[in-house]
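Enquirer: Below you'll find the structure I mean.
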Amino acid sequence: MSQVRNRVCRLILQENFGSAVAKVGIFLLEKGPSPIRYILSECHDSSEEVKKILCVLIQHNMVTFEKNKKGFIEYTIDGESIMYRLRFIRYIYCAKTLYGDAAELLIEELLQRGKMLMSEVITSVTGRLNEALEASGKPAIQESLVKDKFTNLVKSHFVQRCPSPLLKENRVVGTETTENEEDLFKIPDIRKRKKSINEDMPAAKRHKSEEGSSTQEKADDDGIYWRVNCQRFHQLIRDQIIVEAINKKIDMRASEILRTIFRLSETRTAPMALSTNAVSAAEILHALPKELGVDRKLLDTYLSIITDDSTDFVMKVGDSGGGMFSVNMYKCMLQLTKAHIESVVQERFGSKSLRIFRLLLLKKHLEQKQIEDFAMISAKEAKELLYMMFSQNFVSITEISKTADHAPSRTYYIFTVDIHQVARMVLERCYKAIFNAMLKRIAELTEHRRLLEKQERCDAIIASLVQGGAEDEQKEEIEQTITPPERELIKRVKRTVQMLDQSEIQIEEAIFVLETFLFYKRLNTAQK
């Protein structure tokens, strides 16, 4: 893991859990798997404090542990799980879009708590929903409705079971590995039952236990904890980005056809496969929304346009059933990565540099004279632009010498673009950009904390006065406690923080695209 990414992880841990947790987390990131005594010696914290910190990180699915060959328990932190916290907002939004408000609160509760029992999360979300409904004067809902939403999330693999603890000599030494993936999505019966009362206990104690039995109900899912399946959300986000790209490139109907292909192949394809399993045109036509108004002839036209498009998102792999179609994930992410990099090139070097960059992507290898001719740029300007991109590692040079002495006069200099190398470089810059945006946001909020807290107190007092039916004069008196210059400063701070939040979301989307492309690049290389 790069140093810049480690700094982002430190900032995320510090913002969510405090500086003590960030210190232990970064130590594990830099040093790798470590026993607790090694952590104690390096972090200079008390044993109890380090144990509590590790418990917090394990609870939030960021740290795992196992017994090493020497018999010590080693703790390992997952840097990707820390970075996933930047995407929590998108997970919650996806859940709300698919299954409504109850699913949104279920995912939010699981993300905030790390892992929970099914009965606990359903009870908590039901209470939160009923509080909101009662405040708005609407009737309360039953737990069964929330349970159905939870079941839908599990069936669609957005929520999964946590691995069971591995016991050895009555001591937890790790977590069990699940051989059958379907076991992670089995839903237990959560009917509550009373705890059994020992008949041999004294009568007075037994009577007391019976009196308190109403509060001693225990759910049948005790010990079965659940967490959010981040990989399933990544699969959904990846599909949505590809669908949006087709919508911008062609039109809305083409994007709906692609969305239908994803939906049909969802249950047949491995989550992160290089390409989806083939789907027939007949299946696509049957599954398309009726209000879209697409008949067989129009569908064939759209499928022909999508498969012939230069993006190569969809491939025709057979002729049965009106044609068999598959989505090539590697090529999809390659095109999206190229689009992100081209945007960076244009912003940093200008439109003429972008013309040269696209030319090198298209032609693969070119000499400087060929670039001048194809791009229709003067020799001096082409040389300057190529040097600028070469100095920033966006363009690379290959030397081909006619003789063994590599004399410049007898050497060809071939320019090319290594998209894999450029993607890694841009990803590092994205890490640096999101770190700077987070640092600036935290600095703005820290600098003006007292003023923002003052406004919150005033808003709370005004809200209570409104509920109590207070007069307008009283509200105006409270509002006047904040001076006009302070109000202007509050507006500026809020506007700045909002812009930084939006920047973080956009940078995180670029990070997601680049990381996904690099993953598929490794997968594609391994399968060759």
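FYI, nothing fancy with the structure tokens labels: chains A, B, ... in order, residues from 1 per chain, ligands from 1 as they appear.
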Pick out the residues sitting within 9 Å of A:Glu342, and hand them over as a list of chain:residue names; count only C-alpha atoms, and ignore anything fewer than 3 positions along from it in its own chain.

Expert: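 The neighbour list is A:Thr337, A:Lys338, A:Ala339, A:Val345, A:Gln346, A:Glu347, A:Leu354, A:Phe357, A:Arg358.
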
Enquirer: For C-alpha atoms, I'd like the residues from the last selection saved as an mmCIF file, in the first residue's frame.

Expert:
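Below is the file out_33.cif, written as the result:
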data_model
loop_
_atom_site.group_PDB
_atom_site.id
_atom_site.type_symbol
_atom_site.label_atom_id
_atom_site.label_comp_id
_atom_site.auth_asym_id
_atom_site.auth_seq_id
_atom_site.Cartn_x
_atom_site.Cartn_y
_atom_site.Cartn_z
ATOM 1 C CA THR A 337 -10.406 4.692 -17.212
ATOM 2 C CA LYS A 338 -9.320 6.194 -20.524
ATOM 3 C CA ALA A 339 -12.111 8.773 -20.256
ATOM 4 C CA VAL A 345 -4.734 15.411 -19.617
ATOM 5 C CA GLN A 346 -7.037 18.097 -20.990
ATOM 6 C CA GLU A 347 -7.193 19.976 -17.673
ATOM 7 C CA LEU A 354 -5.311 15.662 -25.474
ATOM 8 C CA PHE A 357 -2.686 11.569 -26.192
ATOM 9 C CA ARG A 358 -5.751 10.168 -27.993
#

Enquirer: Report as a PyMOL selection string all protein, DNA and RNA residues lying within 9 Å of A:Cys94, evaluated on only C-alpha atoms, omitting residues in the same chain fewer than 6 positions from it.

Expert: chain A and resi 104+233+236-237

Enquirer: Neighbouring residues of A:Gly18 were defined as those with any atom within 12 Å, considering only C-alpha atoms; residues of the same chain fewer than 6 positions away were excluded. Please report them as a list in words.

Expert: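 Surrounding residues, per the criterion: Arg10, Leu11, Ile12, Val24, Gly25, Ile53, Val56 and Leu57 of chain A.
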
Enquirer: For A:Val314, list every protein, DNA or RNA residue within 8 Å, evaluated using only C-alpha atoms, and leave out those in the same chain fewer than 6 positions away; present the list as an NGL selection string.

Expert: :A and (306-307 or 325-328)

Enquirer: Check the smallest atom-to-atom distance from each of A:Thr260, A:Ser81, A:Ser47, A:Ser310 to A:Val243 using only C-alpha atoms, then report the winner.

Expert: A:Thr260

Enquirer: With only C-alpha atoms as the atoms that count, which of A:Ile224, A:Leu106, A:Met376, A:Val417 lies nearest to A:Asp189?

Expert: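 Among the listed residues, the smallest separation from A:Asp189 belongs to A:Ile224.
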
Enquirer: Would you give me, as a list in words, the residues in stretch 316-500 of chain A that DSSP reads as strand (DSSP E)?

Expert: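 Here is the list: Lys316, Val317, Gly318, Met324, Phe325, Ser326, Val327, Ser396, Ile397, Thr398, Glu399, Ile400, Ser401, Thr411, Tyr412, Tyr413, Ile414, Phe415 and Thr416 of chain A.
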
Enquirer: For the residues in that selection, give me C-alpha atoms as a PDB file, in the first residue's frame.

Expert:
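Final file, result-v5.pdb:
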ATOM      1  CA  LYS A 316     -22.189 -10.859 -29.575  1.00  0.00           C
ATOM      2  CA  VAL A 317     -21.028 -14.378 -28.660  1.00  0.00           C
ATOM      3  CA  GLY A 318     -23.638 -16.566 -30.408  1.00  0.00           C
ATOM      4  CA  MET A 324     -26.362 -14.213 -27.445  1.00  0.00           C
ATOM      5  CA  PHE A 325     -24.840 -11.128 -25.824  1.00  0.00           C
ATOM      6  CA  SER A 326     -22.256 -10.659 -23.076  1.00  0.00           C
ATOM      7  CA  VAL A 327     -20.778  -7.595 -21.341  1.00  0.00           C
ATOM      8  CA  SER A 396       6.666   6.934 -22.325  1.00  0.00           C
ATOM      9  CA  ILE A 397       9.478   6.536 -24.885  1.00  0.00           C
ATOM     10  CA  THR A 398      10.986   3.393 -26.372  1.00  0.00           C
ATOM     11  CA  GLU A 399      14.439   3.642 -27.979  1.00  0.00           C
ATOM     12  CA  ILE A 400      15.146   1.479 -31.050  1.00  0.00           C
ATOM     13  CA  SER A 401      18.763   1.812 -32.171  1.00  0.00           C
ATOM     14  CA  THR A 411      18.164   5.779 -32.993  1.00  0.00           C
ATOM     15  CA  TYR A 412      14.390   5.826 -33.419  1.00  0.00           C
ATOM     16  CA  TYR A 413      12.404   7.314 -30.516  1.00  0.00           C
ATOM     17  CA  ILE A 414       8.934   5.764 -30.367  1.00  0.00           C
ATOM     18  CA  PHE A 415       6.272   7.424 -28.190  1.00  0.00           C
ATOM     19  CA  THR A 416       3.564   5.306 -26.555  1.00  0.00           C
TER      20      THR A 416
END

Enquirer: Find the residues around A:Glu66 up to 12 Å (only C-alpha atoms counted), leave out those fewer than 5 positions away in its own chain, and share them as a PyMOL selection string.

Expert: chain A and resi 33-36+71-77+165-168+171-177

Enquirer: Which residue gives the smallest distance to A:Ile26 among A:Asp45, A:Val395, A:Glu476, A:Asp78, with only C-alpha atoms counted?

Expert: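 With only C-alpha atoms as the atom set, the closest residue is A:Asp78.
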
Enquirer: What is the atom CA of A:Arg441 to atom CA of A:Ile490 distance in Å?

Expert: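 Those two atoms sit 14.0 Å apart.
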
Enquirer: Need the shell around A:Ile462: protein/DNA/RNA residues with any atom at most 10 Å away, counting only C-alpha atoms. Skip same-chain ones fewer than 4 positions apart. Format as a list in words?

Expert: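 What passes the distance filter is Glu456, Arg457, Cys458, Val466, Gln467, Gly468, Ala470, Asp472, Gln474, Lys475, Glu476, Glu477, Ile478 and Glu479 of chain A.
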
Enquirer: I'd like the neighbourhood of stretch 427-431 of chain A as a compact mmCIF listing (two decimals) with C-alpha atoms, in the first residue's frame, where a residue qualifies if any of its atoms comes within 9 Å (using only C-alpha atoms), though same-chain residues fewer than 3 positions away should be ignored.

Expert:
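Output saved as selection_2.txt:
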# COMPACT_ATOMS: atom_id res chain seq x y z
CA SER A 2 1.32 3.45 -0.94
CA VAL A 4 -0.36 8.50 0.33
CA ARG A 5 -3.08 5.88 0.75
CA ARG A 7 -2.22 8.88 5.07
CA VAL A 8 -5.82 8.80 3.80
CA VAL A 422 -0.75 5.98 -16.16
CA ALA A 423 -3.81 4.65 -14.31
CA ARG A 424 -1.66 3.79 -11.28
CA ILE A 434 -8.90 13.34 -1.49
CA PHE A 435 -6.45 13.60 1.43
CA ASN A 436 -6.06 17.34 0.82
CA ILE A 507 -12.69 11.95 -6.43
CA GLU A 508 -13.91 8.76 -4.72
CA ALA A 510 -12.61 8.26 -9.93
CA ILE A 511 -10.74 6.12 -7.35
CA LEU A 514 -9.31 3.23 -11.44
CA GLU A 515 -9.11 0.57 -8.70

Enquirer: Taking only C-alpha atoms into account, which of A:Val294, A:Met438, A:Ile305, A:Ala270 comes nearest A:Ile250?

Expert: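 The shortest atom-to-atom distance to A:Ile250 comes from A:Ile305.
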
Enquirer: Which distance in Å separates atom CA of A:Arg355 and atom CA of A:Leu386, to one decimal?

Expert: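 According to the coordinates, atom CA of A:Arg355 and atom CA of A:Leu386 are separated by 11.2 Å.
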